[in-house]
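Enquirer: Quick one: the structure is below, questions incoming.
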Amino acid sequence: MTEIAHGKPDATGAGPLRFLPPPPLFLLQPILARVARRVAGLHPSLFDRLGPHRTACFVIDPRGLPFVLLLVPDPENLVFRAEPRRREPQSDARIAGNFFDLLALVDGNSDGDALFFSRDLDITGNTEAVVCLRNALDDVEGSIAEDAAGLFGAPGRAILAALRRAGDRRGGS
Amino acid sequence: MSRPELVCPAGTPAALRTAVDAGADAVYCGFQNATNARNFPGLNFTPDEMAQGVAYAHDRGAKVLLAVNSFPTAGRFDLWRDAVDAGARLGVDAVIVADIGVAEYVAERHPDLRLHLSVQAAASSPEAIRYYVREFGVKRVVPPRILTVAEIRQIKSEIPCEIETFVFGNHGLMVEGRCCLTNYVTGLSTNMDGVCSPAAQVHYDKGPDGSVTTRLGDFTFDCFGPDEQAGYPTICKGRYTTPARDESYYAFEEPVSLNLAELLPQLIEAGVEAFKIEGRQRSRAYVRQVVSNFRAAIDQVLAGQEPHLDDLVALTEGQKQTVGAFGSKKWR
């Protein structure tokens, strides 16, 4: 048998982002809400794959960033917002990974099972809800990250390109 | 040297398109119910999605193989019958079955529909395979992953149908179609409900030291230390304690994936007509990477070159890979 050796260049997984000051969350909320509405509008069929878990509360923890994300993928009451870590909301399921790995997942460039095997992705809570969310997002053609970046025109695409390059340099998954 | 078919997994329509675009000759997939052995939440195809998938594949010269490879229990046969009928109506190129009742239904009602025998049927001898060919007109068999290349070559010489082998992905030690571990713990059957370790009963508990304990229902079957690689939450890959051992151990099998890249020339020489990649539950990223690599490797072998694959170990379970029983019966 052959095995892989893992290099974990940055324990927080946030890379250069960890040097940035935490953004005021109130500035983030309208951006996140707009991103969620955009993705939902472009890909309405993804909600079908969520089945009964479309009303589940997911906390997504981009390790190393000063906030967590709360996602309720309910097309009737879509919630996607940042919450301070000290006031993390209760959730049905929690998904934690470094920012670049999470970005690669929504970019369609990384495999969730592989990240789980390598322990770069942690899942707790309702596993079935997480599996549904994973499968729903993976059935979205193209890249959710590009859809989100496209909202902000050329600057958004430039930021996404820079983040991708940073992820590649990090040797992310 | 005949050109073997590359048969690739798709759990979603997007994965089907990715597989076709990456060079799959055929894509296998199933409906959203217990009729296939990957009946996982949020996975698989509606009939409309299947129709669109068939059109996409056919437009690009690829085939779609419908997995109807679980076993109906008494009173539930209609579900399997409907799946077969839908597949035939939607124009799939073959149906992959395991149950002899389903095989007979396909043979009688859809005699022009190509029939493949699933790995779930666990047909591992020429006698068993010839029976399926004679009785149901099976055109291709997928033997269980317990045979060496030499045994595959011998079987191939004694059967009047094609042979398809797995070359990459999840590697179960259990003889397929006969594992009852999930059923024992959860009451749901891998073979009859299509659910190995149903996600609704899988729990991961993270400890303060970073370790993760894995449970299925009320049964704890592993605890990964902070720096240990993980595997699928299946009982067969768990570690157990016993008074006879000082430490917990893998009683059945370690988390490890099959990778037969190095055996491709031998398998082609043995007469294998199709190579299958496991992983309908995996992402588009997995499908793209594995399919494109095996496409290139097979084409290189056919061109008389040494096959060259990127390192796929990062995609493997437990970050480990093996040629398993294909190399030796003593592989463990």
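Each chain in the structure tokens gets a letter, A, B, ..., in the order shown, and its residues are numbered from 1; ligands are numbered from 1 in order too.
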Can you check which parts of chain B lie within 6 Å of chain A? Per residue, the shortest pair of atoms and distance in Å to one decimal, counting only C-alpha atoms, sorted by chain and number, as JSON lines.
Expert:
{"residue": "B:Thr12", "atom": "CA", "partner": "A:Asp139", "partner_atom": "CA", "distance": 5.7}
{"residue": "B:Ala14", "atom": "CA", "partner": "A:Asp139", "partner_atom": "CA", "distance": 5.0}
{"residue": "B:Pro41", "atom": "CA", "partner": "A:Cys132", "partner_atom": "CA", "distance": 5.4}
{"residue": "B:Gly42", "atom": "CA", "partner": "A:Cys132", "partner_atom": "CA", "distance": 4.5}
{"residue": "B:Ala199", "atom": "CA", "partner": "A:Glu128", "partner_atom": "CA", "distance": 4.6}
{"residue": "B:Ala200", "atom": "CA", "partner": "A:Glu128", "partner_atom": "CA", "distance": 4.8}
{"residue": "B:Tyr204", "atom": "CA", "partner": "A:Thr124", "partner_atom": "CA", "distance": 5.4}
{"residue": "B:Gln229", "atom": "CA", "partner": "A:Ser118", "partner_atom": "CA", "distance": 5.2}
{"residue": "B:Ala230", "atom": "CA", "partner": "A:Phe117", "partner_atom": "CA", "distance": 4.4}
{"residue": "B:Gly231", "atom": "CA", "partner": "A:Phe117", "partner_atom": "CA", "distance": 5.6}
{"residue": "B:Ser283", "atom": "CA", "partner": "A:Asp111", "partner_atom": "CA", "distance": 5.5}
{"residue": "B:Ala285", "atom": "CA", "partner": "A:Asn109", "partner_atom": "CA", "distance": 5.2}
{"residue": "B:Tyr286", "atom": "CA", "partner": "A:Asp111", "partner_atom": "CA", "distance": 5.8}
{"residue": "B:Leu315", "atom": "CA", "partner": "A:Ala114", "partner_atom": "CA", "distance": 5.0}
{"residue": "B:Gly318", "atom": "CA", "partner": "A:Phe117", "partner_atom": "CA", "distance": 5.5}
{"residue": "B:Gln319", "atom": "CA", "partner": "A:Ile4", "partner_atom": "CA", "distance": 5.7}
{"residue": "B:Lys320", "atom": "CA", "partner": "A:Glu3", "partner_atom": "CA", "distance": 4.6}
{"residue": "B:Gln321", "atom": "CA", "partner": "A:Met1", "partner_atom": "CA", "distance": 5.4}
{"residue": "B:Thr322", "atom": "CA", "partner": "A:Met1", "partner_atom": "CA", "distance": 4.8}
Enquirer: Take the residues from that selection and put them in a file with N, CA and C atoms, as a compact mmCIF listing (two decimals), in the first residue's frame.
Expert:
# COMPACT_ATOMS: atom_id res chain seq x y z
N THR B 12 -24.86 12.51 -9.79
CA THR B 12 -25.70 13.66 -10.14
C THR B 12 -25.59 13.92 -11.64
N ALA B 14 -24.72 16.64 -13.05
CA ALA B 14 -23.48 17.39 -13.30
C ALA B 14 -22.29 16.44 -13.35
N PRO B 41 -28.78 10.09 0.48
CA PRO B 41 -29.59 11.31 0.44
C PRO B 41 -29.00 12.37 -0.50
N GLY B 42 -29.89 12.94 -1.31
CA GLY B 42 -29.46 14.01 -2.22
C GLY B 42 -28.75 13.51 -3.45
N ALA B 199 -26.68 7.71 6.27
CA ALA B 199 -26.12 8.94 6.85
C ALA B 199 -26.92 9.42 8.05
N ALA B 200 -28.23 9.14 8.05
CA ALA B 200 -29.06 9.61 9.16
C ALA B 200 -28.64 8.97 10.48
N TYR B 204 -20.60 11.89 14.07
CA TYR B 204 -19.19 12.18 14.35
C TYR B 204 -19.15 13.07 15.60
N GLN B 229 -5.51 9.74 9.48
CA GLN B 229 -6.40 9.80 8.32
C GLN B 229 -7.70 9.08 8.65
N ALA B 230 -8.76 9.46 8.00
CA ALA B 230 -10.07 8.86 8.27
C ALA B 230 -10.52 8.02 7.08
N GLY B 231 -11.56 7.23 7.33
CA GLY B 231 -12.15 6.43 6.26
C GLY B 231 -13.65 6.63 6.26
N SER B 283 -17.59 13.52 -5.64
CA SER B 283 -17.87 14.82 -6.26
C SER B 283 -17.48 14.85 -7.74
N ALA B 285 -15.33 16.87 -8.82
CA ALA B 285 -13.88 17.03 -8.83
C ALA B 285 -13.19 15.66 -8.86
N TYR B 286 -13.70 14.72 -8.08
CA TYR B 286 -13.18 13.35 -8.07
C TYR B 286 -13.38 12.72 -9.44
N LEU B 315 -7.11 11.27 -3.18
CA LEU B 315 -8.55 11.02 -3.31
C LEU B 315 -8.97 9.70 -2.67
N GLY B 318 -8.78 6.89 3.51
CA GLY B 318 -7.67 6.72 4.44
C GLY B 318 -6.34 7.17 3.87
N GLN B 319 -6.39 7.81 2.68
CA GLN B 319 -5.18 8.26 1.99
C GLN B 319 -4.22 7.09 1.76
N LYS B 320 -4.81 5.94 1.45
CA LYS B 320 -4.00 4.74 1.17
C LYS B 320 -4.61 4.02 -0.02
N GLN B 321 -3.76 3.37 -0.80
CA GLN B 321 -4.27 2.64 -1.95
C GLN B 321 -3.59 1.29 -2.06
N THR B 322 -4.26 0.38 -2.75
CA THR B 322 -3.76 -0.99 -2.84
C THR B 322 -4.25 -1.61 -4.15
Enquirer: Report as a list of chain:residue names all protein, DNA and RNA residues lying within 6 Å of Leu117 of chain B, evaluated on only C-alpha atoms, omitting residues in the same chain fewer than 6 positions from it.
Expert: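 My reading of the contact set: B:Ile96, B:Val97, B:Ala98, B:Val141.
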Enquirer: Please report the interatomic distance between atom CA of Thr165 of chain B and atom CA of Val106 of chain B in Å with one decimal.
Expert: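 About the pair atom CA of Thr165 of chain B and atom CA of Val106 of chain B: they are 22.7 Å apart.
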Enquirer: Write down as a tab-separated table (two decimals) with C-alpha atoms, in the first residue's frame the residues belonging to segment 20-234 of chain B that are assigned strand (DSSP E) by DSSP computed on the backbone.
Expert:
chain	number	residue	atom	x	y	z
B	26	ALA	CA	-19.97	4.83	-20.40
B	27	VAL	CA	-21.46	6.31	-17.26
B	28	TYR	CA	-23.39	4.32	-14.67
B	29	CYS	CA	-26.04	5.89	-12.47
B	63	LYS	CA	-23.36	5.22	-23.09
B	64	VAL	CA	-25.49	5.31	-19.95
B	65	LEU	CA	-25.75	2.17	-17.83
B	66	LEU	CA	-28.60	2.10	-15.32
B	67	ALA	CA	-27.79	0.50	-11.96
B	68	VAL	CA	-30.80	-1.46	-10.68
B	94	ALA	CA	-27.82	-1.36	-20.45
B	95	VAL	CA	-29.26	-2.27	-17.09
B	96	ILE	CA	-26.95	-3.49	-14.34
B	97	VAL	CA	-28.75	-6.01	-12.13
B	114	ARG	CA	-28.55	-5.11	-22.76
B	115	LEU	CA	-28.12	-6.82	-19.39
B	116	HIS	CA	-25.03	-6.51	-17.19
B	117	LEU	CA	-24.51	-8.53	-14.02
B	140	ARG	CA	-21.29	-8.53	-19.25
B	141	VAL	CA	-20.33	-9.57	-15.72
B	162	GLU	CA	-17.71	-9.67	-21.46
B	163	ILE	CA	-15.94	-9.07	-18.17
B	164	GLU	CA	-15.69	-5.72	-16.36
B	165	THR	CA	-13.40	-5.09	-13.41
B	166	PHE	CA	-13.16	-2.26	-10.92
B	167	VAL	CA	-9.89	-0.38	-11.24
B	168	PHE	CA	-10.26	2.46	-8.75
B	169	GLY	CA	-12.24	3.46	-5.69
B	170	ASN	CA	-13.80	2.05	-2.60
B	202	VAL	CA	-23.89	8.25	11.25
B	203	HIS	CA	-22.57	10.51	14.00
B	204	TYR	CA	-19.19	12.18	14.35
B	205	ASP	CA	-18.29	13.40	17.82
B	206	LYS	CA	-15.29	15.67	18.07
B	212	VAL	CA	-13.19	12.25	16.15
B	213	THR	CA	-15.31	9.33	17.30
B	214	THR	CA	-17.46	7.66	14.64
B	215	ARG	CA	-20.76	5.99	15.50
B	216	LEU	CA	-23.38	4.17	13.48
B	219	PHE	CA	-22.34	1.48	17.95
B	220	THR	CA	-18.98	3.22	18.17
B	221	PHE	CA	-16.59	1.73	15.65
B	222	ASP	CA	-13.64	4.05	15.44
B	223	CYS	CA	-11.87	7.01	16.98
B	224	PHE	CA	-9.40	8.91	14.83
Enquirer: Excluding Leu78 of chain A and residues on its chain fewer than 2 positions from it, collect all residues at most 10 Å away from it, counting only C-alpha atoms, and give them as a compact mmCIF listing (two decimals) with N, CA, C and O atoms, in the first residue's frame.
Expert:
# COMPACT_ATOMS: atom_id res chain seq x y z
N ALA A 33 -26.05 38.03 1.80
CA ALA A 33 -27.46 37.83 1.42
C ALA A 33 -27.61 37.91 -0.09
O ALA A 33 -28.35 37.12 -0.70
N ALA A 36 -26.27 34.73 -1.68
CA ALA A 36 -27.20 33.60 -1.52
C ALA A 36 -28.36 33.72 -2.49
O ALA A 36 -28.77 32.73 -3.12
N ARG A 37 -28.90 34.93 -2.61
CA ARG A 37 -30.03 35.12 -3.53
C ARG A 37 -29.61 34.86 -4.98
O ARG A 37 -30.35 34.28 -5.76
N ALA A 40 -29.21 31.05 -5.45
CA ALA A 40 -30.54 30.43 -5.44
C ALA A 40 -31.29 30.74 -6.73
O ALA A 40 -31.99 29.88 -7.28
N ARG A 54 -33.86 21.27 3.71
CA ARG A 54 -33.76 22.64 3.23
C ARG A 54 -34.04 23.64 4.34
O ARG A 54 -33.69 24.82 4.21
N THR A 55 -34.65 23.19 5.43
CA THR A 55 -34.86 24.10 6.55
C THR A 55 -33.84 23.90 7.68
O THR A 55 -33.97 24.49 8.75
N LEU A 71 -26.09 29.19 7.49
CA LEU A 71 -26.82 28.95 6.24
C LEU A 71 -28.09 28.16 6.53
O LEU A 71 -28.04 27.10 7.16
N VAL A 72 -29.21 28.71 6.11
CA VAL A 72 -30.47 27.97 6.09
C VAL A 72 -30.92 27.97 4.62
O VAL A 72 -31.42 28.98 4.12
N PRO A 73 -30.74 26.84 3.91
CA PRO A 73 -30.97 26.85 2.46
C PRO A 73 -32.43 26.64 2.09
O PRO A 73 -32.77 25.81 1.26
N ASP A 74 -33.27 27.44 2.71
CA ASP A 74 -34.71 27.34 2.47
C ASP A 74 -35.10 28.39 1.45
O ASP A 74 -34.98 29.60 1.71
N PRO A 75 -35.56 27.97 0.27
CA PRO A 75 -35.86 28.97 -0.76
C PRO A 75 -36.95 29.95 -0.32
O PRO A 75 -37.00 31.07 -0.84
N GLU A 76 -37.78 29.55 0.64
CA GLU A 76 -38.83 30.45 1.13
C GLU A 76 -38.30 31.44 2.16
O GLU A 76 -38.92 32.46 2.42
N PHE A 80 -28.24 33.46 4.90
CA PHE A 80 -26.80 33.27 4.76
C PHE A 80 -26.14 34.51 5.35
O PHE A 80 -26.17 35.59 4.75
N ARG A 81 -25.63 34.36 6.54
CA ARG A 81 -25.06 35.53 7.20
C ARG A 81 -23.89 35.13 8.10
O ARG A 81 -23.73 33.97 8.46
Enquirer: Please identify the helix (DSSP H, G or I) residues within chain A (assignment by DSSP from backbone atoms) and present them as a CSV table (one decimal) with N, CA and C atoms, in the first residue's frame.
Expert:
chain,number,residue,atom,x,y,z
A,15,GLY,N,-4.2,31.2,5.9
A,15,GLY,CA,-3.2,31.8,5.0
A,15,GLY,C,-3.0,33.3,5.2
A,16,PRO,N,-2.8,34.0,4.2
A,16,PRO,CA,-2.6,35.5,4.3
A,16,PRO,C,-3.8,36.2,4.9
A,17,LEU,N,-5.0,35.6,4.8
A,17,LEU,CA,-6.2,36.2,5.3
A,17,LEU,C,-6.1,36.5,6.8
A,18,ARG,N,-5.3,35.7,7.5
A,18,ARG,CA,-5.2,35.9,8.9
A,18,ARG,C,-4.6,37.2,9.3
A,19,PHE,N,-3.9,37.8,8.4
A,19,PHE,CA,-3.3,39.1,8.7
A,19,PHE,C,-4.3,40.3,8.5
A,25,LEU,N,-19.1,43.0,10.7
A,25,LEU,CA,-20.0,42.0,10.2
A,25,LEU,C,-21.2,42.7,9.5
A,26,PHE,N,-21.6,43.8,10.0
A,26,PHE,CA,-22.8,44.5,9.4
A,26,PHE,C,-22.5,44.8,7.9
A,27,LEU,N,-21.2,45.0,7.6
A,27,LEU,CA,-20.9,45.3,6.2
A,27,LEU,C,-21.0,44.0,5.3
A,28,LEU,N,-20.7,42.9,6.0
A,28,LEU,CA,-20.7,41.6,5.2
A,28,LEU,C,-22.1,41.1,4.9
A,29,GLN,N,-23.1,41.4,5.9
A,29,GLN,CA,-24.4,40.7,5.8
A,29,GLN,C,-25.1,41.0,4.4
A,30,PRO,N,-25.2,42.3,4.0
A,30,PRO,CA,-25.9,42.4,2.7
A,30,PRO,C,-25.2,41.7,1.5
A,31,ILE,N,-23.8,41.7,1.6
A,31,ILE,CA,-23.1,41.0,0.5
A,31,ILE,C,-23.4,39.5,0.5
A,32,LEU,N,-23.4,38.9,1.7
A,32,LEU,CA,-23.7,37.5,1.8
A,32,LEU,C,-25.1,37.2,1.4
A,33,ALA,N,-26.0,38.0,1.8
A,33,ALA,CA,-27.5,37.8,1.4
A,33,ALA,C,-27.6,37.9,-0.1
A,34,ARG,N,-26.9,38.8,-0.7
A,34,ARG,CA,-27.0,39.0,-2.1
A,34,ARG,C,-26.4,37.8,-2.9
A,35,VAL,N,-25.3,37.3,-2.3
A,35,VAL,CA,-24.7,36.1,-2.9
A,35,VAL,C,-25.6,34.9,-2.8
A,36,ALA,N,-26.3,34.7,-1.7
A,36,ALA,CA,-27.2,33.6,-1.5
A,36,ALA,C,-28.4,33.7,-2.5
A,37,ARG,N,-28.9,34.9,-2.6
A,37,ARG,CA,-30.0,35.1,-3.5
A,37,ARG,C,-29.6,34.9,-5.0
A,38,ARG,N,-28.4,35.3,-5.3
A,38,ARG,CA,-27.9,35.1,-6.7
A,38,ARG,C,-27.8,33.6,-7.0
A,39,VAL,N,-27.1,32.8,-6.1
A,39,VAL,CA,-27.0,31.4,-6.3
A,39,VAL,C,-28.3,30.7,-6.4
A,40,ALA,N,-29.2,31.1,-5.4
A,40,ALA,CA,-30.5,30.4,-5.4
A,40,ALA,C,-31.3,30.7,-6.7
A,41,GLY,N,-31.1,32.0,-7.2
A,41,GLY,CA,-31.8,32.3,-8.4
A,41,GLY,C,-31.3,31.6,-9.7
A,42,LEU,N,-30.0,31.4,-9.7
A,42,LEU,CA,-29.3,30.8,-10.8
A,42,LEU,C,-29.6,29.3,-10.8
A,46,LEU,N,-31.2,23.1,-7.1
A,46,LEU,CA,-30.4,22.6,-6.0
A,46,LEU,C,-31.2,22.3,-4.7
A,47,PHE,N,-32.3,23.1,-4.6
A,47,PHE,CA,-33.1,22.9,-3.4
A,47,PHE,C,-33.8,21.5,-3.4
A,48,ASP,N,-34.1,21.0,-4.6
A,48,ASP,CA,-34.8,19.7,-4.7
A,48,ASP,C,-33.9,18.6,-4.0
A,49,ARG,N,-32.6,18.7,-4.2
A,49,ARG,CA,-31.7,17.7,-3.6
A,49,ARG,C,-31.6,17.7,-2.1
A,50,LEU,N,-32.0,18.9,-1.5
A,50,LEU,CA,-31.9,19.0,-0.1
A,50,LEU,C,-33.1,18.3,0.6
A,51,GLY,N,-34.1,18.1,-0.1
A,51,GLY,CA,-35.3,17.4,0.5
A,51,GLY,C,-35.7,18.0,1.8
A,52,PRO,N,-35.9,17.2,2.8
A,52,PRO,CA,-36.4,17.8,4.1
A,52,PRO,C,-35.4,18.6,4.8
A,53,HIS,N,-34.1,18.6,4.3
A,53,HIS,CA,-33.1,19.4,5.0
A,53,HIS,C,-32.9,20.8,4.5
A,54,ARG,N,-33.9,21.3,3.7
A,54,ARG,CA,-33.8,22.6,3.2
A,54,ARG,C,-34.0,23.6,4.3
A,55,THR,N,-34.6,23.2,5.4
A,55,THR,CA,-34.9,24.1,6.6
A,55,THR,C,-33.8,23.9,7.7
A,85,ARG,N,-17.8,34.5,16.3
A,85,ARG,CA,-17.5,33.2,16.9
A,85,ARG,C,-18.0,33.1,18.3
A,86,ARG,N,-18.0,34.2,19.0
A,86,ARG,CA,-18.3,34.2,20.5
A,86,ARG,C,-19.9,34.0,20.6
A,87,ARG,N,-20.6,34.2,19.5
A,87,ARG,CA,-22.0,34.0,19.6
A,87,ARG,C,-22.5,33.1,18.5
A,99,PHE,N,-10.4,28.1,5.0
A,99,PHE,CA,-11.1,28.9,4.0
A,99,PHE,C,-10.9,28.5,2.6
A,100,PHE,N,-9.6,28.2,2.3
A,100,PHE,CA,-9.3,27.8,0.9
A,100,PHE,C,-9.8,26.5,0.5
A,101,ASP,N,-9.9,25.5,1.4
A,101,ASP,CA,-10.5,24.2,1.1
A,101,ASP,C,-12.0,24.4,0.9
A,102,LEU,N,-12.7,25.3,1.7
A,102,LEU,CA,-14.1,25.5,1.6
A,102,LEU,C,-14.4,26.2,0.2
A,103,LEU,N,-13.5,27.1,-0.1
A,103,LEU,CA,-13.6,27.8,-1.4
A,103,LEU,C,-13.5,26.8,-2.6
A,104,ALA,N,-12.5,25.9,-2.5
A,104,ALA,CA,-12.3,24.9,-3.5
A,104,ALA,C,-13.5,24.0,-3.7
A,105,LEU,N,-14.2,23.7,-2.5
A,105,LEU,CA,-15.4,22.9,-2.6
A,105,LEU,C,-16.5,23.6,-3.4
A,106,VAL,N,-16.8,24.9,-3.1
A,106,VAL,CA,-17.8,25.6,-3.8
A,106,VAL,C,-17.4,26.0,-5.2
A,112,GLY,N,-15.1,16.6,-1.3
A,112,GLY,CA,-15.4,16.6,0.1
A,112,GLY,C,-15.0,15.4,0.8
A,113,ASP,N,-15.1,14.2,0.2
A,113,ASP,CA,-14.7,13.0,0.9
A,113,ASP,C,-13.2,13.0,1.1
A,114,ALA,N,-12.5,13.4,0.1
A,114,ALA,CA,-11.0,13.5,0.2
A,114,ALA,C,-10.6,14.4,1.4
A,115,LEU,N,-11.3,15.5,1.5
A,115,LEU,CA,-11.0,16.5,2.6
A,115,LEU,C,-11.3,15.9,3.9
A,116,PHE,N,-12.4,15.1,3.9
A,116,PHE,CA,-12.8,14.4,5.2
A,116,PHE,C,-11.7,13.3,5.5
A,117,PHE,N,-11.3,12.5,4.5
A,117,PHE,CA,-10.3,11.5,4.8
A,117,PHE,C,-9.0,12.1,5.3
A,127,THR,N,-25.5,14.3,10.0
A,127,THR,CA,-24.7,13.9,8.9
A,127,THR,C,-25.5,13.8,7.6
A,128,GLU,N,-26.8,13.4,7.7
A,128,GLU,CA,-27.6,13.3,6.5
A,128,GLU,C,-27.8,14.7,5.9
A,129,ALA,N,-28.0,15.7,6.7
A,129,ALA,CA,-28.2,17.0,6.2
A,129,ALA,C,-27.0,17.5,5.4
A,130,VAL,N,-25.8,17.2,6.0
A,130,VAL,CA,-24.6,17.6,5.4
A,130,VAL,C,-24.4,16.9,4.0
A,131,VAL,N,-24.7,15.6,4.0
A,131,VAL,CA,-24.6,14.8,2.8
A,131,VAL,C,-25.5,15.4,1.7
A,132,CYS,N,-26.7,15.7,2.1
A,132,CYS,CA,-27.6,16.3,1.1
A,132,CYS,C,-27.1,17.7,0.6
A,133,LEU,N,-26.6,18.5,1.5
A,133,LEU,CA,-26.1,19.8,1.1
A,133,LEU,C,-24.9,19.6,0.1
A,134,ARG,N,-24.0,18.7,0.5
A,134,ARG,CA,-22.9,18.4,-0.4
A,134,ARG,C,-23.3,18.0,-1.8
A,135,ASN,N,-24.2,17.1,-1.8
A,135,ASN,CA,-24.7,16.6,-3.1
A,135,ASN,C,-25.4,17.7,-3.9
A,136,ALA,N,-26.2,18.5,-3.2
A,136,ALA,CA,-26.9,19.6,-3.9
A,136,ALA,C,-26.0,20.6,-4.5
A,137,LEU,N,-25.0,21.0,-3.7
A,137,LEU,CA,-24.0,21.9,-4.2
A,137,LEU,C,-23.2,21.4,-5.3
A,138,ASP,N,-22.9,20.1,-5.2
A,138,ASP,CA,-22.0,19.5,-6.2
A,138,ASP,C,-22.7,19.3,-7.6
A,144,ILE,N,-20.0,27.8,-8.1
A,144,ILE,CA,-20.8,28.7,-7.2
A,144,ILE,C,-19.9,29.9,-6.9
A,145,ALA,N,-18.6,29.7,-6.7
A,145,ALA,CA,-17.7,30.8,-6.4
A,145,ALA,C,-17.7,31.8,-7.5
A,146,GLU,N,-17.7,31.3,-8.7
A,146,GLU,CA,-17.7,32.3,-9.9
A,146,GLU,C,-19.1,33.0,-10.0
A,147,ASP,N,-20.2,32.3,-9.7
A,147,ASP,CA,-21.5,32.9,-9.7
A,147,ASP,C,-21.5,34.1,-8.7
A,148,ALA,N,-20.9,33.8,-7.5
A,148,ALA,CA,-20.9,34.8,-6.5
A,148,ALA,C,-20.0,36.0,-6.9
A,149,ALA,N,-18.8,35.7,-7.4
A,149,ALA,CA,-17.9,36.7,-7.8
A,149,ALA,C,-18.4,37.6,-8.9
A,150,GLY,N,-19.2,36.9,-9.8
A,150,GLY,CA,-19.8,37.6,-10.9
A,150,GLY,C,-20.7,38.7,-10.5
A,153,GLY,N,-18.8,42.0,-10.6
A,153,GLY,CA,-18.2,42.4,-11.8
A,153,GLY,C,-16.7,42.1,-11.8
A,154,ALA,N,-15.9,42.9,-12.5
A,154,ALA,CA,-14.5,42.7,-12.7
A,154,ALA,C,-13.7,42.6,-11.4
A,155,PRO,N,-14.1,43.5,-10.4
A,155,PRO,CA,-13.3,43.4,-9.1
A,155,PRO,C,-13.6,42.1,-8.4
A,156,GLY,N,-14.9,41.6,-8.5
A,156,GLY,CA,-15.2,40.4,-7.8
A,156,GLY,C,-14.4,39.2,-8.5
A,157,ARG,N,-14.4,39.2,-9.8
A,157,ARG,CA,-13.6,38.1,-10.5
A,157,ARG,C,-12.1,38.2,-10.2
A,158,ALA,N,-11.6,39.4,-10.1
A,158,ALA,CA,-10.2,39.6,-9.7
A,158,ALA,C,-9.9,39.1,-8.3
A,159,ILE,N,-10.8,39.3,-7.4
A,159,ILE,CA,-10.6,38.8,-6.0
A,159,ILE,C,-10.6,37.3,-6.0
A,160,LEU,N,-11.6,36.7,-6.8
A,160,LEU,CA,-11.7,35.3,-6.8
A,160,LEU,C,-10.4,34.7,-7.4
A,161,ALA,N,-9.9,35.3,-8.5
A,161,ALA,CA,-8.7,34.8,-9.1
A,161,ALA,C,-7.5,34.9,-8.1
A,162,ALA,N,-7.5,36.0,-7.3
A,162,ALA,CA,-6.4,36.1,-6.4
A,162,ALA,C,-6.5,35.1,-5.3
A,163,LEU,N,-7.7,34.8,-4.8
A,163,LEU,CA,-7.9,33.8,-3.8
A,163,LEU,C,-7.6,32.4,-4.3
A,164,ARG,N,-7.9,32.1,-5.6
A,164,ARG,CA,-7.6,30.8,-6.1
A,164,ARG,C,-6.1,30.7,-6.2
A,165,ARG,N,-5.4,31.7,-6.6
A,165,ARG,CA,-3.9,31.7,-6.7
A,165,ARG,C,-3.3,31.4,-5.3
A,166,ALA,N,-3.9,32.1,-4.3
A,166,ALA,CA,-3.4,31.9,-2.9
A,166,ALA,C,-3.6,30.5,-2.5
A,167,GLY,N,-4.8,30.0,-2.8
A,167,GLY,CA,-5.1,28.6,-2.5
A,167,GLY,C,-4.1,27.6,-3.2
A,168,ASP,N,-3.8,27.9,-4.4
A,168,ASP,CA,-2.9,27.0,-5.2
A,168,ASP,C,-1.5,27.1,-4.5
A,169,ARG,N,-1.1,28.3,-4.2
A,169,ARG,CA,0.2,28.4,-3.6
A,169,ARG,C,0.3,27.7,-2.3
Enquirer: As an exercise, work out the distance from atom CA of Leu79 of chain B to atom CA of Val102 of chain B in Å and give it to one decimal place.
Expert: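 Atom-to-atom, atom CA of Leu79 of chain B and atom CA of Val102 of chain B are spaced 10.5 Å apart.
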Enquirer: If you measure from atom CA of Val142 of chain B to atom CA of Ala123 of chain B, what distance in Å do you get, rounded to one decimal?
Expert: 7.8 Å
Enquirer: Any idea what's packed within 9 Å of Pro160 of chain B, counting only C-alpha atoms, ignoring anything in its chain fewer than 4 positions away? Could you give it as an NGL selection string?
Expert: :B and (129-130 or 133 or 139 or 156)
Enquirer: May I have the residues within 8 Å of Leu264 of chain B as number ranges by chain, using only C-alpha atoms and disregarding those fewer than 4 positions away in the same chain?
Expert: B: 260, 268, 298, 301, 307
Enquirer: Include N, CA, C and O atoms and write out the residues we just selected as a CSV table (one decimal), in the first residue's frame.
Expert:
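Produced file selection.csv, reproduced below:
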chain,number,residue,atom,x,y,z
B,260,LEU,N,-5.8,0.1,-9.5
B,260,LEU,CA,-5.2,-0.9,-10.3
B,260,LEU,C,-4.4,-0.3,-11.5
B,260,LEU,O,-4.2,-1.0,-12.6
B,268,ILE,N,-5.8,-5.8,-19.4
B,268,ILE,CA,-6.2,-5.8,-20.9
B,268,ILE,C,-5.7,-7.1,-21.5
B,268,ILE,O,-6.5,-7.7,-22.3
B,298,ILE,N,-5.3,4.4,-20.1
B,298,ILE,CA,-5.7,3.3,-21.0
B,298,ILE,C,-5.3,3.6,-22.4
B,298,ILE,O,-4.8,2.7,-23.1
B,301,VAL,N,-1.7,2.7,-22.8
B,301,VAL,CA,-1.4,1.3,-22.9
B,301,VAL,C,-1.7,0.7,-24.3
B,301,VAL,O,-1.0,0.0,-24.9
B,307,PRO,N,1.7,3.2,-18.9
B,307,PRO,CA,0.7,4.1,-18.4
B,307,PRO,C,1.2,5.1,-17.4
B,307,PRO,O,2.0,4.7,-16.5
Enquirer: Would you mind listing what lies within 12 Å of Gln266 of chain B as a PyMOL selection string, with only C-alpha atoms counted and same-chain residues fewer than 6 positions away left out?
Expert: chain B and resi 1+148-153+260+272+298+301-302+306-307+326-327
